[in-house]
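Data block for input11.cif (mmCIF, C-alpha atoms and all ligand atoms):
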data_data
loop_
_atom_site.group_PDB
_atom_site.id
_atom_site.type_symbol
_atom_site.label_atom_id
_atom_site.label_comp_id
_atom_site.auth_asym_id
_atom_site.auth_seq_id
_atom_site.Cartn_x
_atom_site.Cartn_y
_atom_site.Cartn_z
ATOM 1 C CA MET B 1323 4.304 -51.961 -9.117
ATOM 2 C CA ILE B 1324 5.671 -48.741 -7.668
ATOM 3 C CA GLU B 1325 8.695 -49.741 -5.638
ATOM 4 C CA LEU B 1326 10.756 -46.741 -4.644
ATOM 5 C CA ILE B 1327 10.935 -42.989 -4.236
ATOM 6 C CA SER B 1328 14.464 -41.753 -3.689
ATOM 7 C CA ASP B 1329 14.566 -39.383 -0.721
ATOM 8 C CA THR B 1330 17.824 -37.904 -1.966
ATOM 9 C CA LYS B 1331 16.724 -37.298 -5.574
ATOM 10 C CA CYS B 1332 13.129 -36.166 -5.012
ATOM 11 C CA VAL B 1333 12.578 -32.414 -5.408
ATOM 12 C CA GLN B 1334 9.157 -32.549 -3.703
ATOM 13 C CA CYS B 1335 7.211 -31.291 -6.716
ATOM 14 C CA ASN B 1336 4.300 -33.684 -6.036
ATOM 15 C CA LEU B 1337 3.772 -34.344 -9.760
ATOM 16 C CA CYS B 1338 3.666 -38.063 -9.007
ATOM 17 C CA VAL B 1339 0.834 -37.469 -6.559
ATOM 18 C CA SER B 1340 -1.107 -35.516 -9.185
ATOM 19 C CA VAL B 1341 -0.721 -37.923 -12.106
ATOM 20 C CA CYS B 1342 -1.302 -41.243 -10.368
ATOM 21 C CA PRO B 1343 -4.697 -42.513 -11.553
ATOM 22 C CA THR B 1344 -5.269 -44.653 -8.476
ATOM 23 C CA ASN B 1345 -4.172 -42.229 -5.743
ATOM 24 C CA VAL B 1346 -1.281 -44.340 -4.528
ATOM 25 C CA PHE B 1347 0.707 -41.464 -2.994
ATOM 26 C CA ASP B 1348 0.109 -39.085 -0.136
ATOM 27 C CA LYS B 1349 1.635 -35.618 -0.051
ATOM 28 C CA VAL B 1350 3.832 -34.773 2.917
ATOM 29 C CA PRO B 1351 3.985 -31.072 3.733
ATOM 30 C CA GLY B 1352 7.563 -29.961 3.202
ATOM 31 C CA GLY B 1353 8.690 -33.481 2.412
ATOM 32 C CA VAL B 1354 8.885 -36.366 -0.016
ATOM 33 C CA PRO B 1355 5.554 -38.008 -0.900
ATOM 34 C CA VAL B 1356 4.939 -41.447 0.552
ATOM 35 C CA ILE B 1357 3.737 -44.611 -1.142
ATOM 36 C CA ALA B 1358 0.582 -44.938 0.925
ATOM 37 C CA ARG B 1359 -1.484 -47.468 -1.033
ATOM 38 C CA GLN B 1360 1.052 -49.592 -2.901
ATOM 39 C CA SER B 1361 -1.416 -52.395 -3.650
ATOM 40 C CA ASP B 1362 -3.574 -49.941 -5.618
ATOM 41 C CA CYS B 1363 -0.763 -49.407 -8.140
ATOM 42 C CA GLN B 1364 -1.663 -50.423 -11.689
ATOM 43 C CA THR B 1365 1.926 -50.359 -12.989
ATOM 44 C CA CYS B 1366 1.062 -47.670 -15.516
ATOM 45 C CA PHE B 1367 4.479 -45.955 -15.119
ATOM 46 C CA MET B 1368 2.917 -42.473 -15.226
ATOM 47 C CA CYS B 1369 4.557 -41.365 -11.977
ATOM 48 C CA GLU B 1370 8.011 -42.411 -13.155
ATOM 49 C CA LEU B 1371 7.378 -40.781 -16.526
ATOM 50 C CA TYR B 1372 6.451 -37.429 -15.032
ATOM 51 C CA CYS B 1373 9.060 -37.350 -12.265
ATOM 52 C CA PRO B 1374 11.458 -34.568 -13.302
ATOM 53 C CA ALA B 1375 14.202 -35.810 -10.990
ATOM 54 C CA ASP B 1376 14.354 -39.483 -12.046
ATOM 55 C CA ALA B 1377 13.644 -40.253 -8.424
ATOM 56 C CA MET B 1378 11.206 -43.127 -8.924
ATOM 57 C CA TYR B 1379 11.280 -46.774 -9.825
ATOM 58 C CA VAL B 1380 8.260 -48.746 -10.974
ATOM 59 C CA ALA B 1381 9.001 -52.468 -11.054
ATOM 60 C CA PRO B 1382 7.744 -54.023 -14.310
ATOM 61 C CA HIS B 1383 5.735 -56.776 -12.645
ATOM 62 C CA PRO B 1384 2.225 -55.775 -11.552
ATOM 63 C CA ASP B 1385 2.190 -58.055 -8.512
ATOM 64 C CA ARG B 1386 5.716 -58.125 -7.136
ATOM 65 C CA LEU B 1387 8.720 -55.934 -6.389
ATOM 66 C CA SER B 1388 12.289 -56.325 -7.554
ATOM 67 C CA GLY B 1389 13.666 -56.266 -4.016
ATOM 68 C CA GLN B 1390 16.648 -54.224 -5.177
ATOM 69 C CA SER B 1391 18.105 -51.479 -3.035
ATOM 70 C CA GLU B 1392 18.196 -47.881 -4.206
ATOM 71 C CA HIS B 1393 21.927 -48.239 -4.764
ATOM 72 C CA GLU B 1394 21.400 -51.324 -6.923
ATOM 73 C CA LEU B 1395 18.648 -49.623 -8.914
ATOM 74 C CA GLU B 1396 20.858 -46.613 -9.486
ATOM 75 C CA GLN B 1397 23.820 -48.724 -10.540
ATOM 76 C CA ALA B 1398 21.581 -50.508 -13.057
ATOM 77 C CA GLU B 1399 20.275 -47.132 -14.302
ATOM 78 C CA LEU B 1400 16.749 -48.181 -13.403
ATOM 79 C CA LEU B 1401 15.767 -45.100 -11.411
ATOM 80 C CA GLY B 1402 13.763 -43.175 -13.997
ATOM 81 C CA GLY B 1403 14.783 -45.799 -16.527
ATOM 82 C CA TYR B 1404 11.353 -45.963 -18.141
ATOM 83 C CA ARG B 1405 11.326 -42.188 -18.529
ATOM 84 C CA GLU B 1406 14.718 -42.324 -20.178
ATOM 85 C CA LYS B 1407 13.600 -45.050 -22.620
ATOM 86 C CA VAL B 1408 10.486 -43.099 -23.579
ATOM 87 C CA GLY B 1409 12.686 -40.056 -24.202
ATOM 88 C CA TRP B 1410 11.259 -37.650 -21.650
ATOM 89 C CA GLY B 1411 13.805 -35.270 -20.177
ATOM 90 C CA ALA B 1412 16.366 -32.879 -21.597
ATOM 91 C CA GLY B 1413 18.768 -34.313 -24.133
ATOM 92 C CA ARG B 1414 16.995 -37.625 -24.533
ATOM 93 C CA THR B 1415 15.902 -39.317 -27.729
ATOM 94 C CA PRO B 1416 12.145 -38.990 -28.214
ATOM 95 C CA VAL B 1417 10.321 -42.256 -28.681
ATOM 96 C CA SER B 1418 9.203 -41.093 -32.139
ATOM 97 C CA SER B 1419 12.832 -41.386 -33.256
ATOM 98 C CA HIS B 1420 13.325 -44.944 -32.081
ATOM 99 C CA VAL B 1421 13.923 -47.573 -34.743
ATOM 100 C CA TYR B 1422 11.040 -49.749 -33.625
ATOM 101 C CA LEU B 1423 8.573 -46.890 -34.147
ATOM 102 C CA ALA B 1424 9.886 -46.378 -37.684
ATOM 103 C CA GLU B 1425 9.366 -50.118 -38.230
ATOM 104 C CA LEU B 1426 5.807 -49.833 -36.948
ATOM 105 C CA ALA B 1427 5.162 -46.894 -39.268
ATOM 106 C CA LYS B 1428 6.173 -49.023 -42.261
ATOM 107 C CA ARG B 1429 3.266 -51.357 -41.520
ATOM 108 C CA VAL B 1430 0.699 -48.599 -41.883
ATOM 109 C CA VAL B 1431 -1.291 -48.992 -45.075
ATOM 110 C CA PRO B 1432 -0.971 -45.742 -47.046
HETATM 111 S S1 LIG F 1501 2.746 -46.767 -11.711
HETATM 112 FE FE1 LIG F 1501 0.800 -45.674 -12.125
HETATM 113 S S2 LIG F 1501 -0.683 -46.518 -10.696
HETATM 114 FE FE2 LIG F 1501 1.368 -47.083 -9.965
HETATM 115 S S3 LIG F 1501 1.925 -45.505 -8.517
HETATM 116 FE FE3 LIG F 1501 2.756 -44.876 -10.501
HETATM 117 S S4 LIG F 1501 1.175 -43.590 -11.421
HETATM 118 FE FE4 LIG F 1501 0.204 -44.697 -9.726
HETATM 119 S S1 LIG F 1502 7.470 -36.506 -9.114
HETATM 120 FE FE1 LIG F 1502 9.520 -37.161 -8.451
HETATM 121 S S2 LIG F 1502 10.477 -35.316 -7.675
HETATM 122 FE FE2 LIG F 1502 8.285 -34.893 -7.791
HETATM 123 S S3 LIG F 1502 7.513 -35.428 -5.734
HETATM 124 FE FE3 LIG F 1502 7.292 -37.242 -6.998
HETATM 125 S S4 LIG F 1502 9.179 -38.425 -6.616
HETATM 126 FE FE4 LIG F 1502 9.547 -36.343 -5.932
#
Would you kindly transcribe this structure into structure tokens?
Amino acid sequence: MIELISDTKCVQCNLCVSVCPTNVFDKVPGGVPVIARQSDCQTCFMCELYCPADAMYVAPHPDRLSGQSEHELEQAELLGGYREKVGWGAGRTPVSSHVYLAELAKRVVP
């Protein structure tokens, strides 16, 4: 479930508002979007994936939050952590290069 938008990291691009399939966020003119309908979140991670500033954290559980502070999330490298693992963002390893994907490819019948 979407847990946090960092006010200090957000660059107010509103990409998260655009990509969310369940309209969880509201735009704020000249400001950081707000999580307006948190219970509508489907834990799809799309907002975190698209956020160019690594300003978001989606907790992995669909029905509960981690309860961690922004500082704790940042220390644990969880802000934008999903995006980093998938390899989106400059200088990151694309998911197609991950070992587990190579292992999956080996299972494909030629
Ligand atoms: S995780 Fe998916 S459903 Fe939840 S707020 Fe982000 S984009 Fe919307
Ligand atoms: S996608 Fe990230 S940077 Fe853009 S408005 Fe949303 S939280 Fe802010």
**Prompt:** Smallest atom-to-atom distance to Phe1347 of chain B: which of B:Lys1331, B:Ile1324, B:Ser1418, B:Cys1366, using only C-alpha atoms?
**Reply:** B:Ile1324
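Put simply, atom CA of Asn1345 of chain B is 6.4 Å away from atom FE4 of ligand LIG 1501 (chain F).
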For ligand LIG 1502 (chain F), return the neighbouring residues as a short mmCIF file (atom, residue, chain, number, x, y, z; two decimals) with C-alpha atoms, keeping the file's coordinate frame (distance at most 10 Å; all atoms listed in the file).
data_model
loop_
_atom_site.label_atom_id
_atom_site.label_comp_id
_atom_site.auth_asym_id
_atom_site.auth_seq_id
_atom_site.Cartn_x
_atom_site.Cartn_y
_atom_site.Cartn_z
CA LEU B 1326 10.76 -46.74 -4.64
CA ILE B 1327 10.94 -42.99 -4.24
CA SER B 1328 14.46 -41.75 -3.69
CA ASP B 1329 14.57 -39.38 -0.72
CA THR B 1330 17.82 -37.90 -1.97
CA LYS B 1331 16.72 -37.30 -5.57
CA CYS B 1332 13.13 -36.17 -5.01
CA VAL B 1333 12.58 -32.41 -5.41
CA GLN B 1334 9.16 -32.55 -3.70
CA CYS B 1335 7.21 -31.29 -6.72
CA ASN B 1336 4.30 -33.68 -6.04
CA LEU B 1337 3.77 -34.34 -9.76
CA CYS B 1338 3.67 -38.06 -9.01
CA VAL B 1339 0.83 -37.47 -6.56
CA SER B 1340 -1.11 -35.52 -9.18
CA VAL B 1341 -0.72 -37.92 -12.11
CA PHE B 1347 0.71 -41.46 -2.99
CA ASP B 1348 0.11 -39.08 -0.14
CA LYS B 1349 1.64 -35.62 -0.05
CA VAL B 1350 3.83 -34.77 2.92
CA GLY B 1353 8.69 -33.48 2.41
CA VAL B 1354 8.88 -36.37 -0.02
CA PRO B 1355 5.55 -38.01 -0.90
CA VAL B 1356 4.94 -41.45 0.55
CA ILE B 1357 3.74 -44.61 -1.14
CA MET B 1368 2.92 -42.47 -15.23
CA CYS B 1369 4.56 -41.36 -11.98
CA GLU B 1370 8.01 -42.41 -13.16
CA LEU B 1371 7.38 -40.78 -16.53
CA TYR B 1372 6.45 -37.43 -15.03
CA CYS B 1373 9.06 -37.35 -12.26
CA PRO B 1374 11.46 -34.57 -13.30
CA ALA B 1375 14.20 -35.81 -10.99
CA ASP B 1376 14.35 -39.48 -12.05
CA ALA B 1377 13.64 -40.25 -8.42
CA MET B 1378 11.21 -43.13 -8.92
CA TYR B 1379 11.28 -46.77 -9.82
CA GLY B 1402 13.76 -43.18 -14.00
#
**Item:** Residues within 12 Å of Ser1388 of chain B, all atoms listed in the file, excluding chain neighbours under 5 positions, as a PyMOL selection string
**Value:** chain B and resi 1323-1326+1379-1383+1394-1395+1400
**Item:** For atom CA of Arg1386 of chain B and atom CA of Arg1405 of chain B, the interatomic separation in Å (one decimal)
**Value:**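 We find that atom CA of Arg1386 of chain B and atom CA of Arg1405 of chain B lie 20.4 Å from each other.
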**Message:** Taking 2 positions as the minimum chain separation for residues in the same chain, which residues sit within 10 Å of Lys1407 of chain B when counting only C-alpha atoms? Answer as a ChimeraX atom specification.
**Reply:** /B:1371,1402-1405,1409-1410,1414-1417,1420
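Among B:Glu1392, B:Pro1351, B:Val1346, B:Gln1397, the residue with the shortest atom-to-atom distance to Cys1363 of chain B, counting only C-alpha atoms, is B:Val1346.
Atom pair atom S3 of ligand LIG 1501 (chain F) / atom CA of Gln1364 of chain B has a distance of 6.9 Å (rounded to one decimal).
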Please put the answer as lines of an AutoDock Vina configuration file: centre and edge lengths, in Å with one decimal, of a box along x, y and z that encloses all listed atoms of ligand LIG 1501 (chain F) plus 6 Å on each side.
center_x = 1.0
center_y = -45.3
center_z = -10.3
size_x = 15.4
size_y = 15.5
size_z = 15.6
